[in-house]
$ cat protein25.pdb   # PDB, C-alpha atoms, pLDDT in the B column
ATOM      1  CA  VAL A   1    -111.536 233.893  19.314  1.00 46.00           C
ATOM      2  CA  ALA A   2    -108.999 233.134  16.610  1.00 50.00           C
ATOM      3  CA  PRO A   3    -110.287 231.273  13.533  1.00 53.00           C
ATOM      4  CA  ALA A   4    -108.032 228.286  14.270  1.00 53.00           C
ATOM      5  CA  SER A   5    -109.432 228.038  17.816  1.00 66.00           C
ATOM      6  CA  MET A   6    -113.022 228.157  16.483  1.00 68.00           C
ATOM      7  CA  GLU A   7    -112.280 225.301  14.037  1.00 69.00           C
ATOM      8  CA  GLU A   8    -110.785 223.225  16.848  1.00 70.00           C
ATOM      9  CA  GLN A   9    -113.850 223.921  19.009  1.00 71.00           C
ATOM     10  CA  HIS A  10    -116.203 222.831  16.197  1.00 69.00           C
ATOM     11  CA  ALA A  11    -114.171 219.666  15.660  1.00 71.00           C
ATOM     12  CA  ARG A  12    -114.347 218.802  19.369  1.00 72.00           C
ATOM     13  CA  GLU A  13    -118.110 219.384  19.377  1.00 71.00           C
ATOM     14  CA  ALA A  14    -118.558 217.178  16.320  1.00 72.00           C
ATOM     15  CA  ASN A  15    -116.495 214.391  17.863  1.00 71.00           C
ATOM     16  CA  ALA A  16    -118.466 214.645  21.085  1.00 70.00           C
ATOM     17  CA  LEU A  17    -121.741 214.459  19.146  1.00 72.00           C
ATOM     18  CA  ARG A  18    -120.600 211.342  17.266  1.00 72.00           C
ATOM     19  CA  ALA A  19    -119.489 209.719  20.517  1.00 68.00           C
ATOM     20  CA  LEU A  20    -122.873 210.498  22.055  1.00 65.00           C
ATOM     21  CA  LYS A  21    -124.701 208.874  19.117  1.00 65.00           C
ATOM     22  CA  VAL A  22    -122.542 205.735  19.338  1.00 61.00           C
ATOM     23  CA  THR A  23    -123.197 205.528  23.083  1.00 66.00           C
ATOM     24  CA  GLN A  24    -126.938 205.840  22.518  1.00 60.00           C
ATOM     25  CA  LEU A  25    -126.857 203.112  19.880  1.00 56.00           C
ATOM     26  CA  LEU A  26    -124.929 200.782  22.153  1.00 56.00           C
ATOM     27  CA  LYS A  27    -127.393 201.406  24.969  1.00 58.00           C
ATOM     28  CA  HIS A  28    -130.346 200.938  22.643  1.00 58.00           C
ATOM     29  CA  GLY A  29    -128.997 197.663  21.101  1.00 57.00           C
ATOM     30  CA  PHE A  30    -130.615 195.772  18.206  1.00 61.00           C
ATOM     31  CA  THR A  31    -134.193 194.636  18.074  1.00 71.00           C
ATOM     32  CA  LEU A  32    -135.038 191.021  17.215  1.00 74.00           C
ATOM     33  CA  VAL A  33    -136.222 192.048  13.755  1.00 74.00           C
ATOM     34  CA  GLU A  34    -132.979 193.900  13.063  1.00 71.00           C
ATOM     35  CA  LEU A  35    -130.938 190.889  14.154  1.00 75.00           C
ATOM     36  CA  MET A  36    -132.984 188.577  11.918  1.00 82.00           C
ATOM     37  CA  VAL A  37    -132.486 190.909   8.954  1.00 81.00           C
ATOM     38  CA  VAL A  38    -128.729 190.998   9.529  1.00 80.00           C
ATOM     39  CA  ILE A  39    -128.556 187.200   9.897  1.00 83.00           C
ATOM     40  CA  GLY A  40    -130.626 186.788   6.736  1.00 83.00           C
ATOM     41  CA  ILE A  41    -128.325 189.067   4.750  1.00 83.00           C
ATOM     42  CA  ILE A  42    -125.266 187.189   6.009  1.00 82.00           C
ATOM     43  CA  ALA A  43    -126.857 183.837   5.064  1.00 82.00           C
ATOM     44  CA  VAL A  44    -127.659 185.051   1.550  1.00 81.00           C
ATOM     45  CA  LEU A  45    -124.140 186.387   1.045  1.00 79.00           C
ATOM     46  CA  ALA A  46    -122.664 183.144   2.373  1.00 77.00           C
ATOM     47  CA  GLY A  47    -124.805 181.133  -0.047  1.00 72.00           C
ATOM     48  CA  ILE A  48    -123.739 183.280  -2.990  1.00 72.00           C
ATOM     49  CA  LEU A  49    -120.065 183.008  -2.044  1.00 69.00           C
ATOM     50  CA  PHE A  50    -120.377 179.223  -1.614  1.00 64.00           C
ATOM     51  CA  VAL A  51    -121.817 178.834  -5.112  1.00 61.00           C
ATOM     52  CA  VAL A  52    -119.175 181.119  -6.622  1.00 59.00           C
ATOM     53  CA  PHE A  53    -116.259 179.382  -4.908  1.00 64.00           C
ATOM     54  CA  SER A  54    -117.658 175.904  -5.663  1.00 67.00           C
ATOM     55  CA  SER A  55    -118.010 176.807  -9.325  1.00 72.00           C
ATOM     56  CA  ALA A  56    -114.477 178.240  -9.414  1.00 77.00           C
ATOM     57  CA  ARG A  57    -113.071 175.138  -7.726  1.00 83.00           C
ATOM     58  CA  GLU A  58    -114.814 172.784 -10.155  1.00 83.00           C
ATOM     59  CA  SER A  59    -113.669 174.892 -13.103  1.00 87.00           C
ATOM     60  CA  ALA A  60    -110.074 174.607 -11.866  1.00 90.00           C
ATOM     61  CA  ARG A  61    -110.439 170.843 -11.470  1.00 91.00           C
ATOM     62  CA  ARG A  62    -111.837 170.579 -14.986  1.00 93.00           C
ATOM     63  CA  GLN A  63    -108.810 172.425 -16.355  1.00 94.00           C
ATOM     64  CA  VAL A  64    -106.519 170.005 -14.529  1.00 95.00           C
ATOM     65  CA  CYS A  65    -108.457 167.097 -16.038  1.00 96.00           C
ATOM     66  CA  VAL A  66    -108.142 168.543 -19.551  1.00 96.00           C
ATOM     67  CA  SER A  67    -104.415 169.009 -18.951  1.00 96.00           C
ATOM     68  CA  ASN A  68    -104.126 165.386 -17.801  1.00 97.00           C
ATOM     69  CA  LEU A  69    -105.833 164.065 -20.912  1.00 97.00           C
ATOM     70  CA  ARG A  70    -103.783 166.343 -23.158  1.00 96.00           C
ATOM     71  CA  GLN A  71    -100.562 164.970 -21.641  1.00 97.00           C
ATOM     72  CA  ILE A  72    -101.808 161.413 -22.107  1.00 97.00           C
ATOM     73  CA  GLY A  73    -102.643 162.236 -25.725  1.00 97.00           C
ATOM     74  CA  GLN A  74     -99.173 163.657 -26.362  1.00 97.00           C
ATOM     75  CA  ALA A  75     -97.542 160.614 -24.772  1.00 97.00           C
ATOM     76  CA  LEU A  76     -99.744 158.356 -26.896  1.00 97.00           C
ATOM     77  CA  GLN A  77     -98.592 160.025 -30.118  1.00 97.00           C
ATOM     78  CA  ILE A  78     -94.942 159.457 -29.161  1.00 97.00           C
ATOM     79  CA  TYR A  79     -95.688 155.837 -28.230  1.00 97.00           C
ATOM     80  CA  ARG A  80     -97.436 155.225 -31.554  1.00 96.00           C
ATOM     81  CA  ALA A  81     -94.507 156.691 -33.460  1.00 96.00           C
ATOM     82  CA  ASP A  82     -92.042 154.507 -31.543  1.00 96.00           C
ATOM     83  CA  TRP A  83     -94.118 151.397 -32.270  1.00 95.00           C
ATOM     84  CA  ASN A  84     -94.682 152.243 -35.944  1.00 95.00           C
ATOM     85  CA  GLY A  85     -98.412 152.709 -35.563  1.00 94.00           C
ATOM     86  CA  ILE A  86    -100.272 153.492 -38.759  1.00 95.00           C
ATOM     87  CA  GLU A  87    -102.842 156.251 -39.152  1.00 95.00           C
ATOM     88  CA  ALA A  88    -106.455 155.139 -39.016  1.00 94.00           C
ATOM     89  CA  SER A  89    -108.916 156.109 -41.735  1.00 93.00           C
ATOM     90  CA  PRO A  90    -112.694 155.641 -41.614  1.00 94.00           C
ATOM     91  CA  GLY A  91    -113.755 152.385 -43.250  1.00 93.00           C
ATOM     92  CA  GLN A  92    -110.592 150.472 -42.374  1.00 92.00           C
ATOM     93  CA  GLU A  93    -110.664 147.465 -40.046  1.00 90.00           C
ATOM     94  CA  LEU A  94    -107.540 147.860 -37.939  1.00 92.00           C
ATOM     95  CA  GLU A  95    -106.375 146.176 -34.755  1.00 90.00           C
ATOM     96  CA  TYR A  96    -105.031 148.200 -31.843  1.00 91.00           C
ATOM     97  CA  TRP A  97    -101.535 146.794 -32.336  1.00 92.00           C
ATOM     98  CA  GLN A  98    -101.519 147.974 -35.963  1.00 94.00           C
ATOM     99  CA  LEU A  99    -102.269 151.472 -34.687  1.00 95.00           C
ATOM    100  CA  GLY A 100     -99.414 151.280 -32.185  1.00 95.00           C
ATOM    101  CA  VAL A 101    -101.764 151.748 -29.234  1.00 95.00           C
ATOM    102  CA  PRO A 102    -101.009 150.146 -25.849  1.00 94.00           C
ATOM    103  CA  ALA A 103    -103.597 147.626 -24.673  1.00 90.00           C
ATOM    104  CA  GLY A 104    -103.650 145.044 -21.935  1.00 87.00           C
ATOM    105  CA  GLU A 105    -102.192 145.418 -18.461  1.00 89.00           C
ATOM    106  CA  ALA A 106     -98.547 144.843 -19.361  1.00 92.00           C
ATOM    107  CA  HIS A 107     -98.421 147.230 -22.326  1.00 92.00           C
ATOM    108  CA  LEU A 108    -100.497 149.867 -20.559  1.00 92.00           C
ATOM    109  CA  ASN A 109     -98.223 149.767 -17.507  1.00 94.00           C
ATOM    110  CA  TYR A 110     -95.186 150.135 -19.786  1.00 95.00           C
ATOM    111  CA  PHE A 111     -96.823 153.100 -21.516  1.00 96.00           C
ATOM    112  CA  VAL A 112     -97.663 154.766 -18.193  1.00 95.00           C
ATOM    113  CA  GLU A 113     -94.255 154.267 -16.587  1.00 95.00           C
ATOM    114  CA  HIS A 114     -92.062 155.124 -19.567  1.00 95.00           C
ATOM    115  CA  TYR A 115     -94.131 157.695 -21.475  1.00 96.00           C
ATOM    116  CA  CYS A 116     -96.358 159.288 -18.822  1.00 94.00           C
ATOM    117  CA  LYS A 117     -93.934 159.185 -15.865  1.00 90.00           C
ATOM    118  CA  GLY A 118     -96.445 157.472 -13.600  1.00 93.00           C
ATOM    119  CA  TRP A 119    -100.162 157.254 -12.931  1.00 94.00           C
ATOM    120  CA  ALA A 120    -100.628 160.793 -11.558  1.00 94.00           C
ATOM    121  CA  ILE A 121    -102.104 162.184 -14.784  1.00 96.00           C
ATOM    122  CA  PHE A 122    -104.539 159.258 -15.030  1.00 96.00           C
ATOM    123  CA  ARG A 123    -106.522 160.453 -12.018  1.00 94.00           C
ATOM    124  CA  CYS A 124    -109.170 163.152 -12.372  1.00 95.00           C
ATOM    125  CA  PRO A 125    -109.185 165.555  -9.371  1.00 92.00           C
ATOM    126  CA  SER A 126    -113.004 165.391  -9.298  1.00 91.00           C
ATOM    127  CA  ALA A 127    -113.173 161.592  -9.317  1.00 91.00           C
ATOM    128  CA  SER A 128    -114.677 159.918  -6.261  1.00 87.00           C
ATOM    129  CA  ILE A 129    -112.528 156.802  -6.289  1.00 90.00           C
ATOM    130  CA  PRO A 130    -110.545 154.992  -3.574  1.00 91.00           C
ATOM    131  CA  PRO A 131    -106.919 156.091  -3.072  1.00 86.00           C
ATOM    132  CA  THR A 132    -105.806 152.599  -4.106  1.00 89.00           C
ATOM    133  CA  GLN A 133    -107.396 152.999  -7.547  1.00 91.00           C
ATOM    134  CA  LEU A 134    -104.793 154.534  -9.821  1.00 89.00           C
ATOM    135  CA  ASN A 135    -106.872 155.285 -12.903  1.00 92.00           C
ATOM    136  CA  SER A 136    -110.154 157.209 -13.131  1.00 93.00           C
ATOM    137  CA  TYR A 137    -110.101 157.255 -16.958  1.00 94.00           C
ATOM    138  CA  PRO A 138    -111.367 154.074 -18.671  1.00 91.00           C
ATOM    139  CA  TRP A 139    -108.952 152.830 -21.338  1.00 92.00           C
ATOM    140  CA  TYR A 140    -110.919 151.510 -24.304  1.00 90.00           C
ATOM    141  CA  PRO A 141    -108.303 150.329 -26.872  1.00 90.00           C
ATOM    142  CA  GLY A 142    -107.748 146.607 -26.896  1.00 79.00           C
ATOM    143  CA  PRO A 143    -109.560 143.350 -27.587  1.00 69.00           C
ATOM    144  CA  ASP A 144    -113.355 143.382 -27.505  1.00 60.00           C
ATOM    145  CA  ASP A 145    -114.693 143.879 -23.978  1.00 57.00           C
ATOM    146  CA  PRO A 146    -118.010 142.109 -23.271  1.00 53.00           C
ATOM    147  CA  SER A 147    -118.942 144.932 -20.856  1.00 52.00           C
ATOM    148  CA  ILE A 148    -118.884 147.487 -23.690  1.00 53.00           C
ATOM    149  CA  SER A 149    -121.835 147.525 -26.077  1.00 50.00           C
ATOM    150  CA  ALA A 150    -119.664 148.371 -29.101  1.00 59.00           C
ATOM    151  CA  SER A 151    -116.066 147.324 -29.605  1.00 80.00           C
ATOM    152  CA  TRP A 152    -113.274 149.869 -29.933  1.00 87.00           C
ATOM    153  CA  LYS A 153    -112.340 148.326 -33.271  1.00 89.00           C
ATOM    154  CA  ALA A 154    -115.788 149.293 -34.592  1.00 89.00           C
ATOM    155  CA  TRP A 155    -115.315 152.862 -33.335  1.00 91.00           C
ATOM    156  CA  VAL A 156    -111.998 153.093 -35.216  1.00 93.00           C
ATOM    157  CA  LYS A 157    -113.616 151.730 -38.386  1.00 93.00           C
ATOM    158  CA  LYS A 158    -116.319 154.404 -38.219  1.00 93.00           C
ATOM    159  CA  ARG A 159    -114.342 157.415 -36.973  1.00 94.00           C
ATOM    160  CA  GLY A 160    -110.714 156.703 -37.863  1.00 95.00           C
ATOM    161  CA  GLU A 161    -108.308 158.940 -35.928  1.00 96.00           C
ATOM    162  CA  GLU A 162    -111.289 160.593 -34.217  1.00 95.00           C
ATOM    163  CA  ALA A 163    -112.144 157.383 -32.362  1.00 95.00           C
ATOM    164  CA  MET A 164    -112.320 157.837 -28.590  1.00 94.00           C
ATOM    165  CA  VAL A 165    -109.464 156.448 -26.514  1.00 95.00           C
ATOM    166  CA  THR A 166    -110.670 157.478 -23.065  1.00 95.00           C
ATOM    167  CA  LEU A 167    -113.061 159.910 -21.435  1.00 94.00           C
ATOM    168  CA  CYS A 168    -113.924 161.628 -18.160  1.00 94.00           C
ATOM    169  CA  ASP A 169    -117.480 162.234 -16.953  1.00 90.00           C
ATOM    170  CA  TRP A 170    -116.762 163.157 -13.329  1.00 92.00           C
ATOM    171  CA  HIS A 171    -117.508 166.870 -13.822  1.00 89.00           C
ATOM    172  CA  ASN A 172    -121.235 166.797 -13.200  1.00 84.00           C
ATOM    173  CA  PRO A 173    -123.525 167.734 -10.273  1.00 73.00           C
ATOM    174  CA  VAL A 174    -124.007 163.994  -9.799  1.00 62.00           C
ATOM    175  CA  SER A 175    -120.468 162.735 -10.325  1.00 54.00           C
ATOM    176  CA  ASP A 176    -121.107 159.029  -9.835  1.00 56.00           C
ATOM    177  CA  PRO A 177    -121.551 157.527 -13.341  1.00 56.00           C
ATOM    178  CA  ILE A 178    -123.983 154.949 -11.935  1.00 58.00           C
ATOM    179  CA  ASN A 179    -126.237 157.680 -10.564  1.00 62.00           C
ATOM    180  CA  LEU A 180    -125.908 159.729 -13.741  1.00 58.00           C
ATOM    181  CA  VAL A 181    -127.845 157.155 -15.775  1.00 60.00           C
ATOM    182  CA  ARG A 182    -130.695 157.430 -13.287  1.00 64.00           C
ATOM    183  CA  ARG A 183    -131.236 161.098 -14.080  1.00 61.00           C
ATOM    184  CA  PRO A 184    -134.157 162.117 -16.334  1.00 63.00           C
ATOM    185  CA  TYR A 185    -133.484 161.301 -19.965  1.00 57.00           C
ATOM    186  CA  TRP A 186    -133.734 164.965 -21.073  1.00 59.00           C
ATOM    187  CA  GLU A 187    -130.848 166.028 -18.840  1.00 81.00           C
ATOM    188  CA  THR A 188    -127.296 166.172 -20.117  1.00 84.00           C
ATOM    189  CA  LYS A 189    -123.887 165.418 -18.699  1.00 87.00           C
ATOM    190  CA  LEU A 190    -120.499 166.935 -19.430  1.00 91.00           C
ATOM    191  CA  ILE A 191    -117.847 164.634 -20.868  1.00 93.00           C
ATOM    192  CA  ILE A 192    -114.225 165.240 -21.819  1.00 96.00           C
ATOM    193  CA  LEU A 193    -112.957 163.000 -24.625  1.00 96.00           C
ATOM    194  CA  LEU A 194    -109.435 162.072 -25.682  1.00 97.00           C
ATOM    195  CA  ARG A 195    -109.331 160.913 -29.294  1.00 96.00           C
ATOM    196  CA  LEU A 196    -106.847 158.646 -31.043  1.00 96.00           C
ATOM    197  CA  ASN A 197    -105.220 161.637 -32.742  1.00 95.00           C
ATOM    198  CA  GLY A 198    -104.642 163.351 -29.372  1.00 95.00           C
ATOM    199  CA  GLN A 199    -107.477 165.853 -29.792  1.00 96.00           C
ATOM    200  CA  ILE A 200    -109.447 166.875 -26.668  1.00 97.00           C
ATOM    201  CA  THR A 201    -113.209 167.425 -26.983  1.00 96.00           C
ATOM    202  CA  VAL A 202    -115.435 168.856 -24.239  1.00 95.00           C
ATOM    203  CA  LYS A 203    -119.145 168.427 -24.890  1.00 93.00           C
ATOM    204  CA  ARG A 204    -122.526 167.727 -23.335  1.00 90.00           C
ATOM    205  CA  VAL A 205    -124.475 164.567 -24.156  1.00 89.00           C
ATOM    206  CA  PRO A 206    -127.749 163.069 -22.834  1.00 85.00           C
ATOM    207  CA  THR A 207    -127.192 161.377 -19.484  1.00 79.00           C
ATOM    208  CA  ARG A 208    -128.519 158.050 -20.728  1.00 77.00           C
ATOM    209  CA  GLU A 209    -126.773 158.092 -24.087  1.00 77.00           C
ATOM    210  CA  TRP A 210    -123.913 155.690 -24.719  1.00 80.00           C
ATOM    211  CA  ALA A 211    -122.862 156.479 -28.277  1.00 85.00           C
ATOM    212  CA  PRO A 212    -119.048 156.801 -28.395  1.00 85.00           C
ATOM    213  CA  ASP A 213    -119.050 156.218 -32.145  1.00 84.00           C
ATOM    214  CA  ARG A 214    -121.059 159.449 -32.534  1.00 86.00           C
ATOM    215  CA  TRP A 215    -119.295 161.598 -29.940  1.00 88.00           C
TER     216      TRP A 215
END

$ encode --input "protein25.pdb" --output "structure tokens"
Amino acid sequence: VAPASMEEQHAREANALRALKVTQLLKHGFTLVELMVVIGIIAVLAGILFVVFSSARESARRQVCVSNLRQIGQALQIYRADWNGIEASPGQELEYWQLGVPAGEAHLNYFVEHYCKGWAIFRCPSASIPPTQLNSYPWYPGPDDPSISASWKAWVKKRGEEAMVTLCDWHNPVSDPINLVRRPYWETKLIILLRLNGQITVKRVPTREWAPDRW
């Protein structure tokens, strides 16, 4: 027999042997233990993929949030320049209007419409708020708010241009701020701050801490 014919014969025998093994496996089927092992492996892989994709999605949302706050900060600097806002220094007692910062519904709406091109950047993608609520970032500049333990004017006096203007704390396993304060006191939460000078700060603070003058 020619060498080429022998190689073809060996190839046909090998293919026939593989086909026979596949047929035997199909006839034999899987045992219950084998099926449980396969299902268990699939479940573990699915759990790992879910965690990875959830983490990647939240990381992307956090980047969008940082971008939103950065755009607000840039718009705020332009607004302050247009309204002749002065630069804050620690120790000075300054009103929001001296700093050229929008406060109150009318001025804030003007700032949003003319400097931010709408409310889109005021909504964090991770925020669990109704569609009718335009803003997920609290706006602190303005007259003293009885609901806030320390006035924004006091923050400016202590921190100057590093005083906080707004923040986002929606990027946590428990996103609801009300539920966050119910967590154990040793746990921390992630917050993203926008300062008066336009600087963005991402940091972790105790879940029950409300100390904007120290952040």

$ residues_around --input "protein25.pdb" --residues "segment 63-66 of chain A" --least-positions-apart "5" --cutoff "12 Å" --atoms "only C-alpha atoms" --output "PyMOL selection string"
chain A and resi 56-58+71-73+120-127+136-137+166-171+191-194+198-202

$ write_last_selection --input "protein25.pdb" --atoms "C-alpha atoms" --output "mmCIF file, keeping the file's coordinate frame"
data_model
loop_
_atom_site.group_PDB
_atom_site.id
_atom_site.type_symbol
_atom_site.label_atom_id
_atom_site.label_comp_id
_atom_site.auth_asym_id
_atom_site.auth_seq_id
_atom_site.Cartn_x
_atom_site.Cartn_y
_atom_site.Cartn_z
ATOM 1 C CA ALA A 56 -114.477 178.240 -9.414
ATOM 2 C CA ARG A 57 -113.071 175.138 -7.726
ATOM 3 C CA GLU A 58 -114.814 172.784 -10.155
ATOM 4 C CA GLN A 71 -100.562 164.970 -21.641
ATOM 5 C CA ILE A 72 -101.808 161.413 -22.107
ATOM 6 C CA GLY A 73 -102.643 162.236 -25.725
ATOM 7 C CA ALA A 120 -100.628 160.793 -11.558
ATOM 8 C CA ILE A 121 -102.104 162.184 -14.784
ATOM 9 C CA PHE A 122 -104.539 159.258 -15.030
ATOM 10 C CA ARG A 123 -106.522 160.453 -12.018
ATOM 11 C CA CYS A 124 -109.170 163.152 -12.372
ATOM 12 C CA PRO A 125 -109.185 165.555 -9.371
ATOM 13 C CA SER A 126 -113.004 165.391 -9.298
ATOM 14 C CA ALA A 127 -113.173 161.592 -9.317
ATOM 15 C CA SER A 136 -110.154 157.209 -13.131
ATOM 16 C CA TYR A 137 -110.101 157.255 -16.958
ATOM 17 C CA THR A 166 -110.670 157.478 -23.065
ATOM 18 C CA LEU A 167 -113.061 159.910 -21.435
ATOM 19 C CA CYS A 168 -113.924 161.628 -18.160
ATOM 20 C CA ASP A 169 -117.480 162.234 -16.953
ATOM 21 C CA TRP A 170 -116.762 163.157 -13.329
ATOM 22 C CA HIS A 171 -117.508 166.870 -13.822
ATOM 23 C CA ILE A 191 -117.847 164.634 -20.868
ATOM 24 C CA ILE A 192 -114.225 165.240 -21.819
ATOM 25 C CA LEU A 193 -112.957 163.000 -24.625
ATOM 26 C CA LEU A 194 -109.435 162.072 -25.682
ATOM 27 C CA GLY A 198 -104.642 163.351 -29.372
ATOM 28 C CA GLN A 199 -107.477 165.853 -29.792
ATOM 29 C CA ILE A 200 -109.447 166.875 -26.668
ATOM 30 C CA THR A 201 -113.209 167.425 -26.983
ATOM 31 C CA VAL A 202 -115.435 168.856 -24.239
#

$ resolve_selection --input "protein25.pdb" --expression "the PyMOL selection byres ((chain A and resi 103) around 12)" --output "count of residues only"
30

$ closest_residue --input "protein25.pdb" --among "A:Lys117, A:Arg62, A:Arg208, A:Arg18" --to "Ala75 of chain A" --atoms "all atoms listed in the file"
A:Lys117

$ atom_distance --input "protein25.pdb" --atom1 "atom CA of Val44 of chain A" --atom2 "atom CA of Leu32 of chain A"
18.3 Å

$ atom_distance --input "protein25.pdb" --atom1 "atom CA of Trp155 of chain A" --atom2 "atom CA of Asn135 of chain A"
22.2 Å

$ closest_residue --input "protein25.pdb" --among "A:Arg159, A:Arg61, A:Lys153, A:Arg12" --to "Asn197 of chain A" --atoms "only C-alpha atoms"
A:Arg159

$ axis_aligned_box --input "protein25.pdb" --around "segment 168-171 of chain A" --padding-each-side "8 Å" --output "JSON"
{"center_x": -115.7, "center_y": 164.2, "center_z": -15.7, "size_x": 19.6, "size_y": 21.2, "size_z": 20.8}

$ atom_distance --input "protein25.pdb" --atom1 "atom CA of Met164 of chain A" --atom2 "atom CA of Trp215 of chain A"
8.0 Å

$ resolve_selection --input "protein25.pdb" --expression "the PyMOL selection byres ((chain A and resi 158) around 9)" --output "JSON, numbers by chain"
{"A": [89, 90, 91, 92, 153, 154, 155, 156, 157, 159, 160, 162, 163, 213, 214]}

$ build_atoms --input "protein25.pdb" --residues "segment 160-167 of chain A" --atoms "all heavy atoms" --output "PDB file, keeping the file's coordinate frame"
ATOM      1  N   GLY A 160    -112.132 156.552 -37.556  1.00 95.00           N
ATOM      2  CA  GLY A 160    -110.714 156.703 -37.863  1.00 95.00           C
ATOM      3  C   GLY A 160    -109.944 157.290 -36.689  1.00 95.00           C
ATOM      4  O   GLY A 160    -110.089 156.849 -35.551  1.00 95.00           O
ATOM      5  N   GLU A 161    -109.130 158.325 -36.970  1.00 96.00           N
ATOM      6  CA  GLU A 161    -108.308 158.940 -35.928  1.00 96.00           C
ATOM      7  C   GLU A 161    -109.143 159.708 -34.906  1.00 96.00           C
ATOM      8  O   GLU A 161    -108.623 160.120 -33.878  1.00 96.00           O
ATOM      9  CB  GLU A 161    -107.276 159.879 -36.560  1.00 96.00           C
ATOM     10  CG  GLU A 161    -106.129 159.186 -37.253  1.00 96.00           C
ATOM     11  CD  GLU A 161    -105.176 158.522 -36.266  1.00 96.00           C
ATOM     12  OE1 GLU A 161    -104.840 159.145 -35.246  1.00 96.00           O
ATOM     13  OE2 GLU A 161    -104.770 157.371 -36.516  1.00 96.00           O
ATOM     14  N   GLU A 162    -110.419 159.912 -35.172  1.00 95.00           N
ATOM     15  CA  GLU A 162    -111.289 160.593 -34.217  1.00 95.00           C
ATOM     16  C   GLU A 162    -111.945 159.631 -33.233  1.00 95.00           C
ATOM     17  O   GLU A 162    -112.760 160.045 -32.406  1.00 95.00           O
ATOM     18  CB  GLU A 162    -112.373 161.381 -34.961  1.00 95.00           C
ATOM     19  CG  GLU A 162    -111.830 162.570 -35.730  1.00 95.00           C
ATOM     20  CD  GLU A 162    -112.940 163.428 -36.316  1.00 95.00           C
ATOM     21  OE1 GLU A 162    -114.109 162.980 -36.267  1.00 95.00           O
ATOM     22  OE2 GLU A 162    -112.639 164.524 -36.807  1.00 95.00           O
ATOM     23  N   ALA A 163    -111.589 158.359 -33.311  1.00 95.00           N
ATOM     24  CA  ALA A 163    -112.144 157.383 -32.362  1.00 95.00           C
ATOM     25  C   ALA A 163    -111.710 157.728 -30.936  1.00 95.00           C
ATOM     26  O   ALA A 163    -110.588 158.200 -30.704  1.00 95.00           O
ATOM     27  CB  ALA A 163    -111.678 155.980 -32.719  1.00 95.00           C
ATOM     28  N   MET A 164    -112.599 157.507 -29.992  1.00 94.00           N
ATOM     29  CA  MET A 164    -112.320 157.837 -28.590  1.00 94.00           C
ATOM     30  C   MET A 164    -111.381 156.810 -27.978  1.00 94.00           C
ATOM     31  O   MET A 164    -111.537 155.604 -28.157  1.00 94.00           O
ATOM     32  CB  MET A 164    -113.639 157.867 -27.808  1.00 94.00           C
ATOM     33  CG  MET A 164    -113.479 158.221 -26.351  1.00 94.00           C
ATOM     34  SD  MET A 164    -115.071 158.272 -25.498  1.00 94.00           S
ATOM     35  CE  MET A 164    -115.581 156.550 -25.585  1.00 94.00           C
ATOM     36  N   VAL A 165    -110.402 157.308 -27.238  1.00 95.00           N
ATOM     37  CA  VAL A 165    -109.464 156.448 -26.514  1.00 95.00           C
ATOM     38  C   VAL A 165    -109.869 156.336 -25.052  1.00 95.00           C
ATOM     39  O   VAL A 165    -109.861 155.252 -24.463  1.00 95.00           O
ATOM     40  CB  VAL A 165    -108.025 156.994 -26.640  1.00 95.00           C
ATOM     41  CG1 VAL A 165    -107.077 156.201 -25.755  1.00 95.00           C
ATOM     42  CG2 VAL A 165    -107.571 156.946 -28.085  1.00 95.00           C
ATOM     43  N   THR A 166    -110.214 157.457 -24.450  1.00 95.00           N
ATOM     44  CA  THR A 166    -110.670 157.478 -23.065  1.00 95.00           C
ATOM     45  C   THR A 166    -111.545 158.710 -22.867  1.00 95.00           C
ATOM     46  O   THR A 166    -111.628 159.579 -23.740  1.00 95.00           O
ATOM     47  CB  THR A 166    -109.495 157.480 -22.077  1.00 95.00           C
ATOM     48  OG1 THR A 166    -109.991 157.357 -20.734  1.00 95.00           O
ATOM     49  CG2 THR A 166    -108.683 158.755 -22.180  1.00 95.00           C
ATOM     50  N   LEU A 167    -112.212 158.767 -21.726  1.00 94.00           N
ATOM     51  CA  LEU A 167    -113.061 159.910 -21.435  1.00 94.00           C
ATOM     52  C   LEU A 167    -113.127 160.145 -19.932  1.00 94.00           C
ATOM     53  O   LEU A 167    -112.748 159.292 -19.134  1.00 94.00           O
ATOM     54  CB  LEU A 167    -114.477 159.734 -22.001  1.00 94.00           C
ATOM     55  CG  LEU A 167    -115.364 158.605 -21.461  1.00 94.00           C
ATOM     56  CD1 LEU A 167    -115.999 158.948 -20.128  1.00 94.00           C
ATOM     57  CD2 LEU A 167    -116.455 158.283 -22.457  1.00 94.00           C
TER      58      LEU A 167
END
